[in-house]
$ cat run_37.txt   # compact mmCIF, N, CA and C atoms
# COMPACT_ATOMS: atom_id res chain seq x y z
N MET F 1 5.03 23.78 -28.14
CA MET F 1 4.31 22.71 -27.50
C MET F 1 4.23 23.02 -26.01
N PRO F 2 3.10 23.54 -25.58
CA PRO F 2 2.93 23.98 -24.19
C PRO F 2 3.02 22.84 -23.17
N LEU F 3 3.57 23.20 -22.02
CA LEU F 3 3.74 22.29 -20.90
C LEU F 3 3.18 22.96 -19.65
N HIS F 4 2.51 22.18 -18.82
CA HIS F 4 1.91 22.72 -17.60
C HIS F 4 1.98 21.65 -16.51
N ARG F 5 2.17 22.06 -15.26
CA ARG F 5 2.20 21.13 -14.13
C ARG F 5 1.01 21.39 -13.22
N ILE F 6 0.44 20.31 -12.73
CA ILE F 6 -0.69 20.38 -11.80
C ILE F 6 -0.28 19.64 -10.53
N ALA F 7 -0.50 20.26 -9.38
CA ALA F 7 -0.28 19.61 -8.09
C ALA F 7 -1.62 19.08 -7.61
N ILE F 8 -1.64 17.82 -7.22
CA ILE F 8 -2.87 17.19 -6.74
C ILE F 8 -2.62 16.67 -5.33
N PRO F 9 -3.24 17.30 -4.34
CA PRO F 9 -3.10 16.78 -2.98
C PRO F 9 -4.02 15.58 -2.77
N THR F 10 -3.49 14.55 -2.12
CA THR F 10 -4.29 13.37 -1.83
C THR F 10 -4.34 13.16 -0.32
N THR F 11 -5.35 12.47 0.13
CA THR F 11 -5.52 12.21 1.56
C THR F 11 -5.50 10.72 1.89
N GLY F 12 -5.22 9.90 0.88
CA GLY F 12 -5.20 8.46 1.05
C GLY F 12 -5.65 7.79 -0.23
N PRO F 13 -5.80 6.46 -0.20
CA PRO F 13 -6.14 5.72 -1.41
C PRO F 13 -7.45 6.18 -2.02
N GLY F 14 -7.49 6.15 -3.34
CA GLY F 14 -8.71 6.50 -4.06
C GLY F 14 -8.42 7.26 -5.34
N LEU F 15 -9.49 7.63 -6.01
CA LEU F 15 -9.39 8.34 -7.28
C LEU F 15 -9.71 9.82 -7.07
N TYR F 16 -8.85 10.68 -7.63
CA TYR F 16 -8.97 12.13 -7.50
C TYR F 16 -9.12 12.72 -8.89
N GLU F 17 -10.31 13.20 -9.19
CA GLU F 17 -10.56 13.72 -10.54
C GLU F 17 -9.92 15.08 -10.73
N PHE F 18 -9.29 15.27 -11.90
CA PHE F 18 -8.70 16.57 -12.24
C PHE F 18 -8.99 16.94 -13.69
N THR F 19 -10.11 16.46 -14.22
CA THR F 19 -10.52 16.75 -15.59
C THR F 19 -10.66 18.24 -15.84
N ALA F 20 -11.25 18.97 -14.91
CA ALA F 20 -11.47 20.41 -15.11
C ALA F 20 -10.16 21.16 -15.28
N GLU F 21 -9.14 20.80 -14.51
CA GLU F 21 -7.84 21.46 -14.62
C GLU F 21 -7.20 21.20 -15.99
N VAL F 22 -7.34 19.96 -16.47
CA VAL F 22 -6.80 19.62 -17.78
C VAL F 22 -7.56 20.37 -18.87
N ASP F 23 -8.87 20.36 -18.76
CA ASP F 23 -9.71 21.06 -19.73
C ASP F 23 -9.37 22.56 -19.78
N ASN F 24 -9.17 23.18 -18.62
CA ASN F 24 -8.80 24.60 -18.58
C ASN F 24 -7.48 24.85 -19.30
N PHE F 25 -6.50 23.99 -19.09
CA PHE F 25 -5.21 24.11 -19.76
C PHE F 25 -5.38 24.03 -21.28
N VAL F 26 -6.13 23.04 -21.76
CA VAL F 26 -6.33 22.85 -23.20
C VAL F 26 -7.03 24.07 -23.81
N ARG F 27 -8.05 24.57 -23.15
CA ARG F 27 -8.79 25.73 -23.67
C ARG F 27 -7.90 26.98 -23.70
N LYS F 28 -7.07 27.14 -22.67
CA LYS F 28 -6.19 28.31 -22.59
C LYS F 28 -5.13 28.30 -23.70
N VAL F 29 -4.61 27.12 -24.00
CA VAL F 29 -3.59 27.00 -25.04
C VAL F 29 -4.20 27.27 -26.42
N ASN F 30 -5.45 26.86 -26.61
CA ASN F 30 -6.19 27.15 -27.83
C ASN F 30 -5.54 26.54 -29.08
N ILE F 31 -5.23 25.26 -29.03
CA ILE F 31 -4.74 24.52 -30.19
C ILE F 31 -5.94 23.78 -30.79
N ALA F 32 -6.13 23.91 -32.09
CA ALA F 32 -7.30 23.31 -32.74
C ALA F 32 -7.28 21.78 -32.65
N GLU F 33 -6.17 21.17 -33.06
CA GLU F 33 -6.07 19.72 -33.03
C GLU F 33 -4.72 19.30 -32.50
N GLY F 34 -4.71 18.20 -31.77
CA GLY F 34 -3.45 17.70 -31.23
C GLY F 34 -3.69 16.55 -30.28
N VAL F 35 -2.68 16.29 -29.47
CA VAL F 35 -2.76 15.23 -28.47
C VAL F 35 -2.24 15.79 -27.15
N LEU F 36 -3.04 15.60 -26.11
CA LEU F 36 -2.62 15.97 -24.78
C LEU F 36 -2.04 14.72 -24.11
N THR F 37 -0.86 14.87 -23.54
CA THR F 37 -0.27 13.81 -22.73
C THR F 37 -0.29 14.27 -21.28
N ALA F 38 -0.80 13.42 -20.41
CA ALA F 38 -0.75 13.65 -18.97
C ALA F 38 0.18 12.59 -18.39
N TYR F 39 1.14 13.02 -17.57
CA TYR F 39 2.15 12.12 -17.03
C TYR F 39 2.32 12.40 -15.54
N VAL F 40 2.25 11.36 -14.72
CA VAL F 40 2.43 11.52 -13.28
C VAL F 40 3.88 11.18 -12.92
N ARG F 41 4.50 12.04 -12.11
CA ARG F 41 5.93 11.93 -11.81
C ARG F 41 6.19 11.12 -10.53
N HIS F 42 5.48 10.03 -10.35
CA HIS F 42 5.60 9.23 -9.14
C HIS F 42 5.46 7.75 -9.49
N THR F 43 5.90 6.87 -8.58
CA THR F 43 5.86 5.43 -8.84
C THR F 43 4.87 4.67 -7.95
N SER F 44 4.15 5.39 -7.11
CA SER F 44 3.19 4.71 -6.24
C SER F 44 1.78 5.27 -6.38
N CYS F 45 1.52 5.90 -7.51
CA CYS F 45 0.18 6.32 -7.90
C CYS F 45 0.12 6.20 -9.42
N SER F 46 -1.04 6.40 -10.00
CA SER F 46 -1.17 6.23 -11.44
C SER F 46 -2.26 7.15 -11.98
N LEU F 47 -2.47 7.07 -13.29
CA LEU F 47 -3.50 7.86 -13.95
C LEU F 47 -4.47 6.91 -14.64
N VAL F 48 -5.76 7.25 -14.59
CA VAL F 48 -6.77 6.46 -15.27
C VAL F 48 -7.85 7.38 -15.82
N ILE F 49 -8.49 6.92 -16.86
CA ILE F 49 -9.72 7.55 -17.35
C ILE F 49 -10.84 6.63 -16.94
N GLN F 50 -11.81 7.20 -16.23
CA GLN F 50 -12.91 6.39 -15.70
C GLN F 50 -14.21 7.18 -15.75
N GLU F 51 -15.30 6.48 -15.49
CA GLU F 51 -16.61 7.12 -15.42
C GLU F 51 -16.63 8.16 -14.30
N ASN F 52 -17.20 9.33 -14.61
CA ASN F 52 -17.30 10.38 -13.59
C ASN F 52 -18.73 10.72 -13.22
N ALA F 53 -19.69 9.91 -13.65
CA ALA F 53 -21.09 10.20 -13.35
C ALA F 53 -21.56 9.58 -12.04
N ASP F 54 -20.99 8.45 -11.67
CA ASP F 54 -21.42 7.73 -10.47
C ASP F 54 -20.20 7.44 -9.61
N SER F 55 -20.13 8.04 -8.43
CA SER F 55 -18.96 7.87 -7.56
C SER F 55 -18.80 6.43 -7.07
N ASP F 56 -19.84 5.60 -7.19
CA ASP F 56 -19.70 4.19 -6.84
C ASP F 56 -18.65 3.50 -7.71
N VAL F 57 -18.50 3.97 -8.95
CA VAL F 57 -17.50 3.38 -9.84
C VAL F 57 -16.11 3.56 -9.25
N GLN F 58 -15.79 4.76 -8.78
CA GLN F 58 -14.48 5.01 -8.19
C GLN F 58 -14.28 4.19 -6.92
N ARG F 59 -15.31 4.12 -6.08
CA ARG F 59 -15.20 3.32 -4.85
C ARG F 59 -14.98 1.85 -5.16
N ASP F 60 -15.75 1.33 -6.12
CA ASP F 60 -15.61 -0.09 -6.48
C ASP F 60 -14.24 -0.39 -7.08
N LEU F 61 -13.73 0.51 -7.90
CA LEU F 61 -12.42 0.31 -8.51
C LEU F 61 -11.33 0.31 -7.43
N ALA F 62 -11.40 1.26 -6.51
CA ALA F 62 -10.42 1.31 -5.41
C ALA F 62 -10.50 0.04 -4.56
N GLU F 63 -11.70 -0.43 -4.29
CA GLU F 63 -11.87 -1.65 -3.50
C GLU F 63 -11.33 -2.88 -4.25
N PHE F 64 -11.57 -2.94 -5.55
CA PHE F 64 -11.04 -4.04 -6.34
C PHE F 64 -9.52 -4.11 -6.24
N PHE F 65 -8.85 -2.97 -6.41
CA PHE F 65 -7.39 -2.95 -6.33
C PHE F 65 -6.89 -3.26 -4.92
N ARG F 66 -7.63 -2.84 -3.89
CA ARG F 66 -7.25 -3.16 -2.52
C ARG F 66 -7.30 -4.67 -2.31
N ARG F 67 -8.30 -5.32 -2.87
CA ARG F 67 -8.42 -6.78 -2.73
C ARG F 67 -7.43 -7.52 -3.63
N LEU F 68 -7.18 -6.98 -4.82
CA LEU F 68 -6.25 -7.61 -5.75
C LEU F 68 -4.81 -7.59 -5.22
N VAL F 69 -4.42 -6.45 -4.64
CA VAL F 69 -3.06 -6.29 -4.12
C VAL F 69 -3.17 -5.73 -2.70
N PRO F 70 -3.31 -6.60 -1.70
CA PRO F 70 -3.43 -6.12 -0.31
C PRO F 70 -2.10 -5.58 0.22
N ASP F 71 -2.15 -4.93 1.35
CA ASP F 71 -0.94 -4.40 1.98
C ASP F 71 0.03 -5.53 2.32
N ALA F 72 1.29 -5.17 2.49
CA ALA F 72 2.35 -6.15 2.75
C ALA F 72 2.17 -6.91 4.05
N ASP F 73 1.41 -6.36 5.00
CA ASP F 73 1.19 -7.08 6.26
C ASP F 73 0.09 -8.15 6.15
N ASP F 74 -0.55 -8.26 4.99
CA ASP F 74 -1.51 -9.33 4.74
C ASP F 74 -0.71 -10.63 4.51
N PRO F 75 -1.12 -11.75 5.12
CA PRO F 75 -0.37 -13.01 4.96
C PRO F 75 -0.14 -13.42 3.50
N SER F 76 -1.05 -13.07 2.62
CA SER F 76 -0.89 -13.45 1.21
C SER F 76 0.25 -12.70 0.52
N MET F 77 0.77 -11.64 1.17
CA MET F 77 1.84 -10.83 0.57
C MET F 77 3.19 -11.08 1.25
N SER F 78 3.32 -12.19 1.97
CA SER F 78 4.56 -12.47 2.72
C SER F 78 5.77 -12.65 1.81
N TRP F 79 5.59 -12.80 0.54
CA TRP F 79 6.68 -12.99 -0.41
C TRP F 79 7.40 -11.69 -0.78
N LEU F 80 6.86 -10.52 -0.39
CA LEU F 80 7.45 -9.23 -0.75
C LEU F 80 8.80 -9.02 -0.05
N TRP F 81 9.74 -8.43 -0.76
CA TRP F 81 11.04 -8.07 -0.20
C TRP F 81 11.07 -6.60 0.18
N HIS F 82 10.50 -5.73 -0.65
CA HIS F 82 10.56 -4.29 -0.43
C HIS F 82 9.46 -3.89 0.56
N THR F 83 9.83 -3.82 1.85
CA THR F 83 8.84 -3.50 2.88
C THR F 83 9.31 -2.37 3.81
N THR F 84 10.48 -1.79 3.56
CA THR F 84 11.05 -0.81 4.48
C THR F 84 10.30 0.52 4.50
N GLU F 85 9.51 0.81 3.48
CA GLU F 85 8.79 2.09 3.44
C GLU F 85 7.33 1.96 3.86
N GLY F 86 7.01 0.88 4.54
CA GLY F 86 5.66 0.68 5.05
C GLY F 86 4.90 -0.38 4.28
N PRO F 87 3.85 -0.92 4.90
CA PRO F 87 3.13 -2.03 4.30
C PRO F 87 2.33 -1.66 3.04
N ASP F 88 2.14 -0.36 2.79
CA ASP F 88 1.39 0.04 1.60
C ASP F 88 2.29 0.40 0.42
N ASP F 89 3.62 0.47 0.62
CA ASP F 89 4.50 0.98 -0.43
C ASP F 89 4.65 0.03 -1.61
N MET F 90 5.13 -1.18 -1.39
CA MET F 90 5.32 -2.09 -2.52
C MET F 90 3.99 -2.43 -3.19
N PRO F 91 2.91 -2.66 -2.44
CA PRO F 91 1.62 -2.85 -3.11
C PRO F 91 1.24 -1.64 -3.98
N ALA F 92 1.59 -0.44 -3.54
CA ALA F 92 1.31 0.75 -4.36
C ALA F 92 2.09 0.71 -5.66
N HIS F 93 3.34 0.27 -5.61
CA HIS F 93 4.14 0.14 -6.84
C HIS F 93 3.52 -0.89 -7.78
N ILE F 94 3.03 -1.99 -7.23
CA ILE F 94 2.40 -3.03 -8.06
C ILE F 94 1.15 -2.47 -8.72
N LYS F 95 0.31 -1.77 -7.95
CA LYS F 95 -0.91 -1.19 -8.51
C LYS F 95 -0.60 -0.18 -9.60
N ALA F 96 0.45 0.62 -9.40
CA ALA F 96 0.84 1.59 -10.43
C ALA F 96 1.32 0.87 -11.68
N ALA F 97 2.03 -0.26 -11.51
CA ALA F 97 2.50 -1.02 -12.66
C ALA F 97 1.35 -1.65 -13.44
N LEU F 98 0.26 -1.95 -12.76
CA LEU F 98 -0.90 -2.55 -13.41
C LEU F 98 -1.77 -1.53 -14.14
N THR F 99 -1.58 -0.28 -13.84
CA THR F 99 -2.38 0.78 -14.46
C THR F 99 -1.47 1.57 -15.40
N GLN F 100 -1.45 2.91 -15.29
CA GLN F 100 -0.67 3.72 -16.22
C GLN F 100 -0.05 4.91 -15.51
N THR F 101 1.09 5.35 -15.99
CA THR F 101 1.67 6.60 -15.48
C THR F 101 1.49 7.73 -16.47
N SER F 102 0.99 7.43 -17.67
CA SER F 102 0.69 8.50 -18.63
C SER F 102 -0.54 8.14 -19.45
N LEU F 103 -1.19 9.19 -19.93
CA LEU F 103 -2.39 9.05 -20.76
C LEU F 103 -2.23 9.93 -21.99
N GLY F 104 -2.74 9.48 -23.10
CA GLY F 104 -2.81 10.30 -24.30
C GLY F 104 -4.27 10.54 -24.65
N ILE F 105 -4.64 11.82 -24.81
CA ILE F 105 -6.04 12.16 -25.10
C ILE F 105 -6.07 13.07 -26.32
N PRO F 106 -6.82 12.70 -27.36
CA PRO F 106 -6.91 13.56 -28.53
C PRO F 106 -7.62 14.88 -28.22
N VAL F 107 -7.23 15.91 -28.96
CA VAL F 107 -7.85 17.23 -28.85
C VAL F 107 -8.36 17.61 -30.24
N GLU F 108 -9.60 18.04 -30.31
CA GLU F 108 -10.20 18.49 -31.57
C GLU F 108 -11.00 19.75 -31.31
N ASP F 109 -10.86 20.72 -32.19
CA ASP F 109 -11.54 22.01 -32.03
C ASP F 109 -11.25 22.63 -30.66
N GLY F 110 -10.02 22.44 -30.16
CA GLY F 110 -9.60 23.03 -28.90
C GLY F 110 -10.21 22.39 -27.67
N ARG F 111 -10.76 21.17 -27.81
CA ARG F 111 -11.40 20.49 -26.68
C ARG F 111 -10.93 19.05 -26.57
N LEU F 112 -10.87 18.55 -25.34
CA LEU F 112 -10.54 17.14 -25.11
C LEU F 112 -11.63 16.26 -25.71
N LEU F 113 -11.24 15.19 -26.35
CA LEU F 113 -12.23 14.27 -26.94
C LEU F 113 -12.55 13.13 -25.97
N LEU F 114 -12.90 13.50 -24.76
CA LEU F 114 -13.35 12.52 -23.78
C LEU F 114 -14.80 12.16 -24.06
N GLY F 115 -15.18 10.94 -23.70
CA GLY F 115 -16.56 10.54 -23.83
C GLY F 115 -17.44 11.25 -22.81
N THR F 116 -18.73 11.12 -22.98
CA THR F 116 -19.71 11.83 -22.15
C THR F 116 -19.48 11.62 -20.66
N TRP F 117 -19.19 10.40 -20.24
CA TRP F 117 -19.07 10.10 -18.81
C TRP F 117 -17.63 9.86 -18.37
N GLN F 118 -16.66 10.26 -19.19
CA GLN F 118 -15.26 10.02 -18.85
C GLN F 118 -14.64 11.18 -18.09
N GLY F 119 -13.84 10.85 -17.09
CA GLY F 119 -13.08 11.82 -16.34
C GLY F 119 -11.64 11.35 -16.21
N ILE F 120 -10.73 12.29 -15.96
CA ILE F 120 -9.32 11.98 -15.79
C ILE F 120 -9.02 11.98 -14.29
N TYR F 121 -8.41 10.89 -13.82
CA TYR F 121 -8.18 10.71 -12.39
C TYR F 121 -6.73 10.39 -12.07
N LEU F 122 -6.28 10.91 -10.96
CA LEU F 122 -5.08 10.41 -10.32
C LEU F 122 -5.55 9.30 -9.38
N PHE F 123 -4.94 8.15 -9.46
CA PHE F 123 -5.30 7.00 -8.64
C PHE F 123 -4.22 6.86 -7.57
N GLU F 124 -4.53 7.34 -6.36
CA GLU F 124 -3.57 7.27 -5.25
C GLU F 124 -3.61 5.88 -4.65
N HIS F 125 -2.41 5.29 -4.46
CA HIS F 125 -2.30 3.94 -3.92
C HIS F 125 -1.70 3.91 -2.51
N ARG F 126 -1.23 5.04 -2.01
CA ARG F 126 -0.62 5.08 -0.66
C ARG F 126 -1.65 5.53 0.37
N HIS F 127 -1.40 5.18 1.64
CA HIS F 127 -2.34 5.52 2.72
C HIS F 127 -2.20 6.95 3.23
N ARG F 128 -0.99 7.45 3.31
CA ARG F 128 -0.82 8.78 3.88
C ARG F 128 -0.98 9.86 2.81
N PRO F 129 -1.24 11.09 3.21
CA PRO F 129 -1.40 12.18 2.24
C PRO F 129 -0.12 12.43 1.44
N HIS F 130 -0.30 12.81 0.20
CA HIS F 130 0.80 13.15 -0.68
C HIS F 130 0.42 14.37 -1.51
N ARG F 131 1.44 15.00 -2.06
CA ARG F 131 1.24 16.05 -3.06
C ARG F 131 1.80 15.48 -4.35
N ARG F 132 0.93 15.12 -5.26
CA ARG F 132 1.34 14.48 -6.51
C ARG F 132 1.43 15.51 -7.62
N GLU F 133 2.39 15.32 -8.51
CA GLU F 133 2.56 16.25 -9.62
C GLU F 133 2.27 15.54 -10.95
N VAL F 134 1.40 16.17 -11.71
CA VAL F 134 1.06 15.67 -13.06
C VAL F 134 1.53 16.72 -14.06
N VAL F 135 2.25 16.27 -15.07
CA VAL F 135 2.72 17.15 -16.13
C VAL F 135 1.81 16.98 -17.34
N LEU F 136 1.34 18.11 -17.86
CA LEU F 136 0.52 18.12 -19.07
C LEU F 136 1.34 18.66 -20.22
N HIS F 137 1.24 18.01 -21.36
CA HIS F 137 1.98 18.45 -22.56
C HIS F 137 1.02 18.36 -23.74
N LEU F 138 0.89 19.44 -24.46
CA LEU F 138 -0.03 19.49 -25.58
C LEU F 138 0.76 19.65 -26.88
N ALA F 139 0.64 18.66 -27.75
CA ALA F 139 1.36 18.68 -29.03
C ALA F 139 0.35 18.84 -30.16
N ALA F 140 0.63 19.78 -31.04
CA ALA F 140 -0.25 20.03 -32.18
C ALA F 140 0.11 19.13 -33.34
$ encode --input "run_37.txt" --output "structure tokens"
Amino acid sequence: MPLHRIAIPTTGPGLYEFTAEVDNFVRKVNIAEGVLTAYVRHTSCSLVIQENADSDVQRDLAEFFRRLVPDADDPSMSWLWHTTEGPDDMPAHIKAALTQTSLGIPVEDGRLLLGTWQGIYLFEHRHRPHRREVVLHLAA
């Protein structure tokens, strides 16, 4: 059961597509049928499958989460206790809890069974740049 790690550099909040890297891994392993698991090793970012045809979708999704869970210095977030790592840290943990840290994607005929307009994204919730690690595991 092959395992692979991908490093994804981020420059701030938003969605970072890495479908091509996952697809390359699956093709290289050459397993006819199975399940690919993608897992992010962090608590302030997440993984999502989203439309990859129109970048407005990613912008709108990022804006929705910014409005849903504003930074800790917003008056509506005065109830937060965990604020020592900056005003974006605890909100990032909340956003990650609302989304996913792992994805399961079926593989058939050695290919990901993503829909026509689906892409795999790391959803960065912190303001400063990070190097995020995603672990891929392919089980036949």
$ closest_residue --input "run_37.txt" --among "F:Thr84, F:Asn52, F:Ser46, F:Thr11" --to "Thr116 of chain F" --atoms "only N, CA and C atoms"
F:Asn52
$ select_by_dssp --input "run_37.txt" --residues "segment 85-140 of chain F" --states "alpha helix (DSSP H)" --output "list of chain:residue names"
F:Asp89, F:Met90, F:Pro91, F:Ala92, F:His93, F:Ile94, F:Lys95, F:Ala96, F:Ala97, F:Leu98
$ closest_residue --input "run_37.txt" --among "F:Arg132, F:Arg111, F:Ala140, F:Pro70" --to "Asp23 of chain F" --atoms "only N, CA and C atoms"
F:Arg111
$ residues_around --input "run_37.txt" --residues "Ile6 of chain F" --least-positions-apart "6" --cutoff "6 Å" --atoms "all atoms listed in the file" --output "list in words"
Arg132, Glu133, Val134, Val135 and Leu136 of chain F
$ write_last_selection --input "run_37.txt" --atoms "N, CA and C atoms" --output "compact mmCIF listing (two decimals), in the coordinates of the input"
# COMPACT_ATOMS: atom_id res chain seq x y z
N ARG F 132 0.93 15.12 -5.26
CA ARG F 132 1.34 14.48 -6.51
C ARG F 132 1.43 15.51 -7.62
N GLU F 133 2.39 15.32 -8.51
CA GLU F 133 2.56 16.25 -9.62
C GLU F 133 2.27 15.54 -10.95
N VAL F 134 1.40 16.17 -11.71
CA VAL F 134 1.06 15.67 -13.06
C VAL F 134 1.53 16.72 -14.06
N VAL F 135 2.25 16.27 -15.07
CA VAL F 135 2.72 17.15 -16.13
C VAL F 135 1.81 16.98 -17.34
N LEU F 136 1.34 18.11 -17.86
CA LEU F 136 0.52 18.12 -19.07
C LEU F 136 1.34 18.66 -20.22
$ closest_residue --input "run_37.txt" --among "F:His137, F:Arg131, F:Asp71, F:Glu33" --to "Thr83 of chain F" --atoms "only C-alpha atoms"
F:Asp71
$ atom_distance --input "run_37.txt" --atom1 "atom N of Thr37 of chain F" --atom2 "atom N of Gln50 of chain F"
15.2 Å
$ closest_residue --input "run_37.txt" --among "F:Ile94, F:Val22, F:Ile8, F:Leu61" --to "Leu114 of chain F" --atoms "only C-alpha atoms"
F:Val22
$ closest_residue --input "run_37.txt" --among "F:Val40, F:Val26, F:Leu47, F:Leu122" --to "Thr10 of chain F" --atoms "only C-alpha atoms"
F:Leu122
$ axis_aligned_box --input "run_37.txt" --around "segment 21-26 of chain F" --padding-each-side "6 Å" --output "lines of an AutoDock Vina configuration file"
center_x = -7.5
center_y = 22.2
center_z = -19.2
size_x = 16.5
size_y = 17.2
size_z = 21.3
